[in-house]
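The file entry.tsv comes next; it holds TSV, C-alpha atoms.
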```tsv
chain	number	residue	atom	x	y	z
H	1	MET	CA	-14.51	1.58	-4.13
H	2	PHE	CA	-12.39	-0.49	-6.52
H	3	SER	CA	-12.25	-4.22	-5.87
H	4	ILE	CA	-12.54	-7.60	-7.47
H	5	PRO	CA	-14.69	-10.03	-5.47
H	6	GLY	CA	-12.58	-12.55	-3.56
H	7	LYS	CA	-9.28	-10.76	-4.22
H	8	GLN	CA	-7.41	-8.46	-1.84
H	9	ALA	CA	-6.10	-5.16	-3.17
H	10	VAL	CA	-2.61	-5.86	-1.82
H	11	THR	CA	-0.61	-8.77	-0.48
H	12	ILE	CA	1.74	-8.57	2.48
H	13	THR	CA	4.95	-10.58	2.82
H	14	PRO	CA	5.76	-12.32	6.13
H	15	LYS	CA	8.50	-9.73	6.87
H	16	ALA	CA	6.04	-6.88	6.34
H	17	VAL	CA	3.43	-8.65	8.50
H	18	ALA	CA	5.96	-8.94	11.33
H	19	GLN	CA	6.94	-5.26	11.08
H	20	ILE	CA	3.32	-4.05	10.91
H	21	ARG	CA	2.40	-6.14	13.95
H	22	LYS	CA	5.41	-4.75	15.82
H	23	LEU	CA	4.39	-1.18	14.97
H	24	MET	CA	0.73	-1.81	15.90
H	25	ASP	CA	1.77	-3.29	19.27
H	26	ARG	CA	4.29	-0.56	20.03
H	27	GLU	CA	1.97	2.30	19.08
H	28	GLY	CA	-1.22	0.68	20.39
H	29	ARG	CA	-3.04	1.41	17.13
H	30	HIS	CA	-5.73	-0.31	15.06
H	31	GLY	CA	-3.54	-0.59	11.97
H	32	LEU	CA	-1.43	1.05	9.31
H	33	LYS	CA	-3.21	3.08	6.61
H	34	ILE	CA	-1.70	3.35	3.15
H	35	GLY	CA	-2.60	6.02	0.64
H	36	ILE	CA	-1.15	8.12	-2.14
H	37	LYS	CA	-0.71	11.85	-2.56
H	38	LYS	CA	0.63	14.24	-5.15
H	39	GLY	CA	4.29	15.05	-4.66
H	40	GLY	CA	7.86	14.15	-5.44
H	41	CYS	CA	9.67	14.47	-8.74
H	42	ALA	CA	7.69	11.65	-10.43
H	43	GLY	CA	4.32	13.07	-9.37
H	44	MET	CA	2.93	10.80	-6.61
H	45	GLU	CA	4.09	9.44	-3.25
H	46	TYR	CA	2.90	6.68	-0.98
H	47	THR	CA	1.64	7.72	2.45
H	48	MET	CA	1.59	5.62	5.61
H	49	ALA	CA	0.01	6.55	8.92
H	50	TYR	CA	-1.17	4.88	12.10
H	51	VAL	CA	-4.94	4.81	12.56
H	52	ASP	CA	-7.21	4.13	15.51
H	53	ALA	CA	-10.20	2.97	13.43
H	54	PRO	CA	-11.08	2.43	9.78
H	55	GLU	CA	-13.04	5.06	7.86
H	56	PRO	CA	-16.24	3.95	6.08
H	57	ASN	CA	-14.73	3.21	2.64
H	58	ASP	CA	-11.30	1.96	3.67
H	59	GLU	CA	-10.42	-1.51	2.46
H	60	VAL	CA	-9.20	-3.48	5.48
H	61	ILE	CA	-6.69	-6.28	4.93
H	62	GLU	CA	-5.85	-8.50	7.89
H	63	GLN	CA	-3.13	-11.08	7.75
H	64	ASP	CA	-1.66	-12.99	10.71
H	65	GLY	CA	-2.49	-10.20	13.16
H	66	ALA	CA	-1.29	-7.35	10.91
H	67	ARG	CA	-3.91	-4.86	9.72
H	68	VAL	CA	-3.48	-2.63	6.68
H	69	LEU	CA	-6.12	-0.15	5.58
H	70	ILE	CA	-6.19	1.17	2.04
H	71	ALA	CA	-7.56	4.68	1.54
H	72	PRO	CA	-10.43	4.81	-0.99
H	73	MET	CA	-8.60	7.05	-3.47
H	74	ALA	CA	-5.56	4.73	-3.43
H	75	GLN	CA	-7.35	1.41	-3.94
H	76	MET	CA	-7.30	1.44	-7.74
H	77	PHE	CA	-3.63	2.43	-7.87
H	78	LEU	CA	-2.52	-0.12	-5.28
H	79	PHE	CA	-4.44	-3.11	-6.65
H	80	GLY	CA	-2.02	-6.00	-7.18
H	81	THR	CA	0.73	-4.47	-5.02
H	82	GLU	CA	2.95	-6.57	-2.78
H	83	ILE	CA	4.10	-4.85	0.42
H	84	ASP	CA	7.44	-6.06	1.75
H	85	TYR	CA	9.76	-4.93	4.52
H	86	GLN	CA	13.48	-4.93	3.77
H	87	THR	CA	16.49	-4.28	5.94
H	88	SER	CA	19.97	-3.52	4.60
H	89	LEU	CA	23.15	-1.94	5.93
H	90	LEU	CA	22.05	1.50	4.77
H	91	GLU	CA	18.28	1.52	5.22
H	92	SER	CA	15.20	-0.31	6.42
H	93	GLY	CA	11.67	0.22	5.26
H	94	PHE	CA	8.55	-0.88	3.49
H	95	LYS	CA	8.92	-1.61	-0.22
H	96	PHE	CA	6.01	-1.59	-2.63
H	97	ARG	CA	6.11	-3.86	-5.68
H	98	ASN	CA	3.32	-2.21	-7.64
H	99	PRO	CA	2.40	-3.37	-11.16
H	100	ASN	CA	0.52	-0.10	-11.73
H	101	VAL	CA	3.65	2.07	-11.62
H	102	ALA	CA	4.75	3.41	-14.99
H	103	ASP	CA	7.87	5.23	-13.76
H	104	ALA	CA	9.76	6.12	-10.58
H	105	CYS	CA	12.22	8.85	-9.72
H	106	GLY	CA	15.90	8.09	-9.26
H	107	CYS	CA	15.75	8.21	-5.47
H	108	GLY	CA	12.80	5.81	-5.39
H	109	GLU	CA	10.66	8.08	-3.22
H	110	SER	CA	8.06	9.04	-5.80
H	111	ILE	CA	6.21	7.27	-8.57
H	112	LYS	CA	4.10	7.84	-11.66
H	113	PHE	CA	1.09	5.60	-12.26
H	114	LYS	CA	-0.22	4.28	-15.56
H	115	ASP	CA	-3.23	6.17	-16.93
H	116	VAL	CA	-6.63	5.17	-15.53
H	117	GLU	CA	-7.73	3.98	-18.98
H	118	GLU	CA	-4.64	1.77	-19.28
H	119	LEU	CA	-5.22	0.28	-15.81
H	120	SER	CA	-8.85	-0.46	-16.65
H	121	ALA	CA	-7.92	-2.10	-19.95
H	122	GLU	CA	-5.32	-4.32	-18.25
H	123	ARG	CA	-7.97	-5.51	-15.80
H	124	GLY	CA	-10.51	-6.20	-18.54
H	125	GLU	CA	-12.92	-3.46	-17.46
H	126	ALA	CA	-15.08	-1.67	-20.01
```
Here is a file; write its structure as structure tokens.
Amino acid sequence: MFSIPGKQAVTITPKAVAQIRKLMDREGRHGLKIGIKKGGCAGMEYTMAYVDAPEPNDEVIEQDGARVLIAPMAQMFLFGTEIDYQTSLLESGFKFRNPNVADACGCGESIKFKDVEELSAERGEA
């Protein structure tokens, strides 16, 4: 599991906290799990799913009653990400401000991450 002691993998804005709490209450679930998978034109996509309980290596982030779980394989790629919830005339949804993203497709649905070596060097890891 990737982590830095005393630092959460992601931060959650107040708007995202409110939306996550609303979804947890409405669905009667433990929290919202975030992961990544291969797909899309840029190579990777974020995944989000309701969960009833954390799995052994999930990182659990709780903030003001909202609970986000980060899948083990996504932790390194999501470290430093801010999760926001935005509403506009055309769409509403979660937005990820992720410093680990090297590129994104034109539609904004898929992303490409920096190389593992580059991420490690930026974090001062050997």
Please list as a ChimeraX atom specification every residue within 9 Å of H:Arg67, counting only C-alpha atoms and excluding residues in the same chain fewer than 4 positions away. /H:17,20-21,24,30-33,60-63
Using only C-alpha atoms, the best pick from H:Leu89, H:Ile70, H:Val51, H:Phe77 as closest to H:Glu27 would be H:Val51
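Here atom CA of H:Pro14 stands at a distance of 7.8 Å from atom CA of H:Asp84.
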Counting only C-alpha atoms, closest pick from H:Phe79, H:Phe113, H:Phe96, H:Tyr85 relative to H:Glu59 is H:Phe79
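Rounded to one decimal, atom CA of H:Lys38 and atom CA of H:Ser88 lie 28.0 Å from each other.
One distance worth recording is that between atom CA of H:Val10 and atom CA of H:Glu91, which is 23.2 Å.
In terms of minimum interatomic distance to H:Asn57, H:Ala74 ranks closest within H:Ile83, H:Ser92, H:Ala74, H:Glu45, counting all atoms listed in the file.
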Legend entry - Who sits within 10 Å of H:Gly43, only C-alpha atoms, same chain under 4 positions skipped, as a ChimeraX atom specification: /H:37-39,103-105,110-113
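Taking only C-alpha atoms into account, H:Val101 lies nearest to H:Leu78 out of the set H:Leu78, H:Ala16, H:Ala9, H:Leu23.
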Between H:Ala71, H:Gly65, H:Leu90, H:Lys95, smallest distance to H:Lys22 by only C-alpha atoms belongs to H:Gly65
Hey, could you patch up stretch 68-83 of chain H with N, CA and C atoms and hand it over as an mmCIF file, in the coordinates of the input?
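What landed in result.cif:
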```cif
data_model
loop_
_atom_site.group_PDB
_atom_site.id
_atom_site.type_symbol
_atom_site.label_atom_id
_atom_site.label_comp_id
_atom_site.auth_asym_id
_atom_site.auth_seq_id
_atom_site.Cartn_x
_atom_site.Cartn_y
_atom_site.Cartn_z
ATOM 1 N N VAL H 68 -3.779 -3.717 7.601
ATOM 2 C CA VAL H 68 -3.480 -2.630 6.680
ATOM 3 C C VAL H 68 -4.789 -2.103 6.140
ATOM 4 N N LEU H 69 -4.932 -0.796 6.123
ATOM 5 C CA LEU H 69 -6.120 -0.150 5.580
ATOM 6 C C LEU H 69 -5.707 0.622 4.341
ATOM 7 N N ILE H 70 -6.482 0.477 3.288
ATOM 8 C CA ILE H 70 -6.190 1.170 2.040
ATOM 9 C C ILE H 70 -7.203 2.287 1.868
ATOM 10 N N ALA H 71 -6.698 3.510 1.742
ATOM 11 C CA ALA H 71 -7.560 4.680 1.540
ATOM 12 C C ALA H 71 -8.342 4.525 0.233
ATOM 13 N N PRO H 72 -9.597 4.980 0.209
ATOM 14 C CA PRO H 72 -10.430 4.810 -0.990
ATOM 15 C C PRO H 72 -9.798 5.315 -2.280
ATOM 16 N N MET H 73 -9.180 6.478 -2.255
ATOM 17 C CA MET H 73 -8.600 7.050 -3.470
ATOM 18 C C MET H 73 -7.353 6.295 -3.935
ATOM 19 N N ALA H 74 -6.778 5.466 -3.079
ATOM 20 C CA ALA H 74 -5.560 4.730 -3.430
ATOM 21 C C ALA H 74 -5.851 3.311 -3.901
ATOM 22 N N GLN H 75 -7.058 2.813 -3.676
ATOM 23 C CA GLN H 75 -7.350 1.410 -3.940
ATOM 24 C C GLN H 75 -7.073 1.005 -5.383
ATOM 25 N N MET H 76 -7.498 1.784 -6.337
ATOM 26 C CA MET H 76 -7.300 1.440 -7.740
ATOM 27 C C MET H 76 -5.809 1.413 -8.093
ATOM 28 N N PHE H 77 -5.044 2.330 -7.531
ATOM 29 C CA PHE H 77 -3.630 2.430 -7.870
ATOM 30 C C PHE H 77 -2.772 1.402 -7.140
ATOM 31 N N LEU H 78 -3.277 0.865 -6.047
ATOM 32 C CA LEU H 78 -2.520 -0.120 -5.280
ATOM 33 C C LEU H 78 -2.916 -1.559 -5.579
ATOM 34 N N PHE H 79 -3.964 -1.758 -6.381
ATOM 35 C CA PHE H 79 -4.440 -3.110 -6.650
ATOM 36 C C PHE H 79 -3.325 -3.946 -7.272
ATOM 37 N N GLY H 80 -3.066 -5.109 -6.690
ATOM 38 C CA GLY H 80 -2.020 -6.000 -7.180
ATOM 39 C C GLY H 80 -0.653 -5.768 -6.556
ATOM 40 N N THR H 81 -0.548 -4.814 -5.646
ATOM 41 C CA THR H 81 0.730 -4.470 -5.020
ATOM 42 C C THR H 81 1.115 -5.466 -3.940
ATOM 43 N N GLU H 82 2.403 -5.777 -3.877
ATOM 44 C CA GLU H 82 2.950 -6.570 -2.780
ATOM 45 C C GLU H 82 3.715 -5.616 -1.863
ATOM 46 N N ILE H 83 3.396 -5.673 -0.569
ATOM 47 C CA ILE H 83 4.100 -4.850 0.420
ATOM 48 C C ILE H 83 5.107 -5.749 1.121
#
```
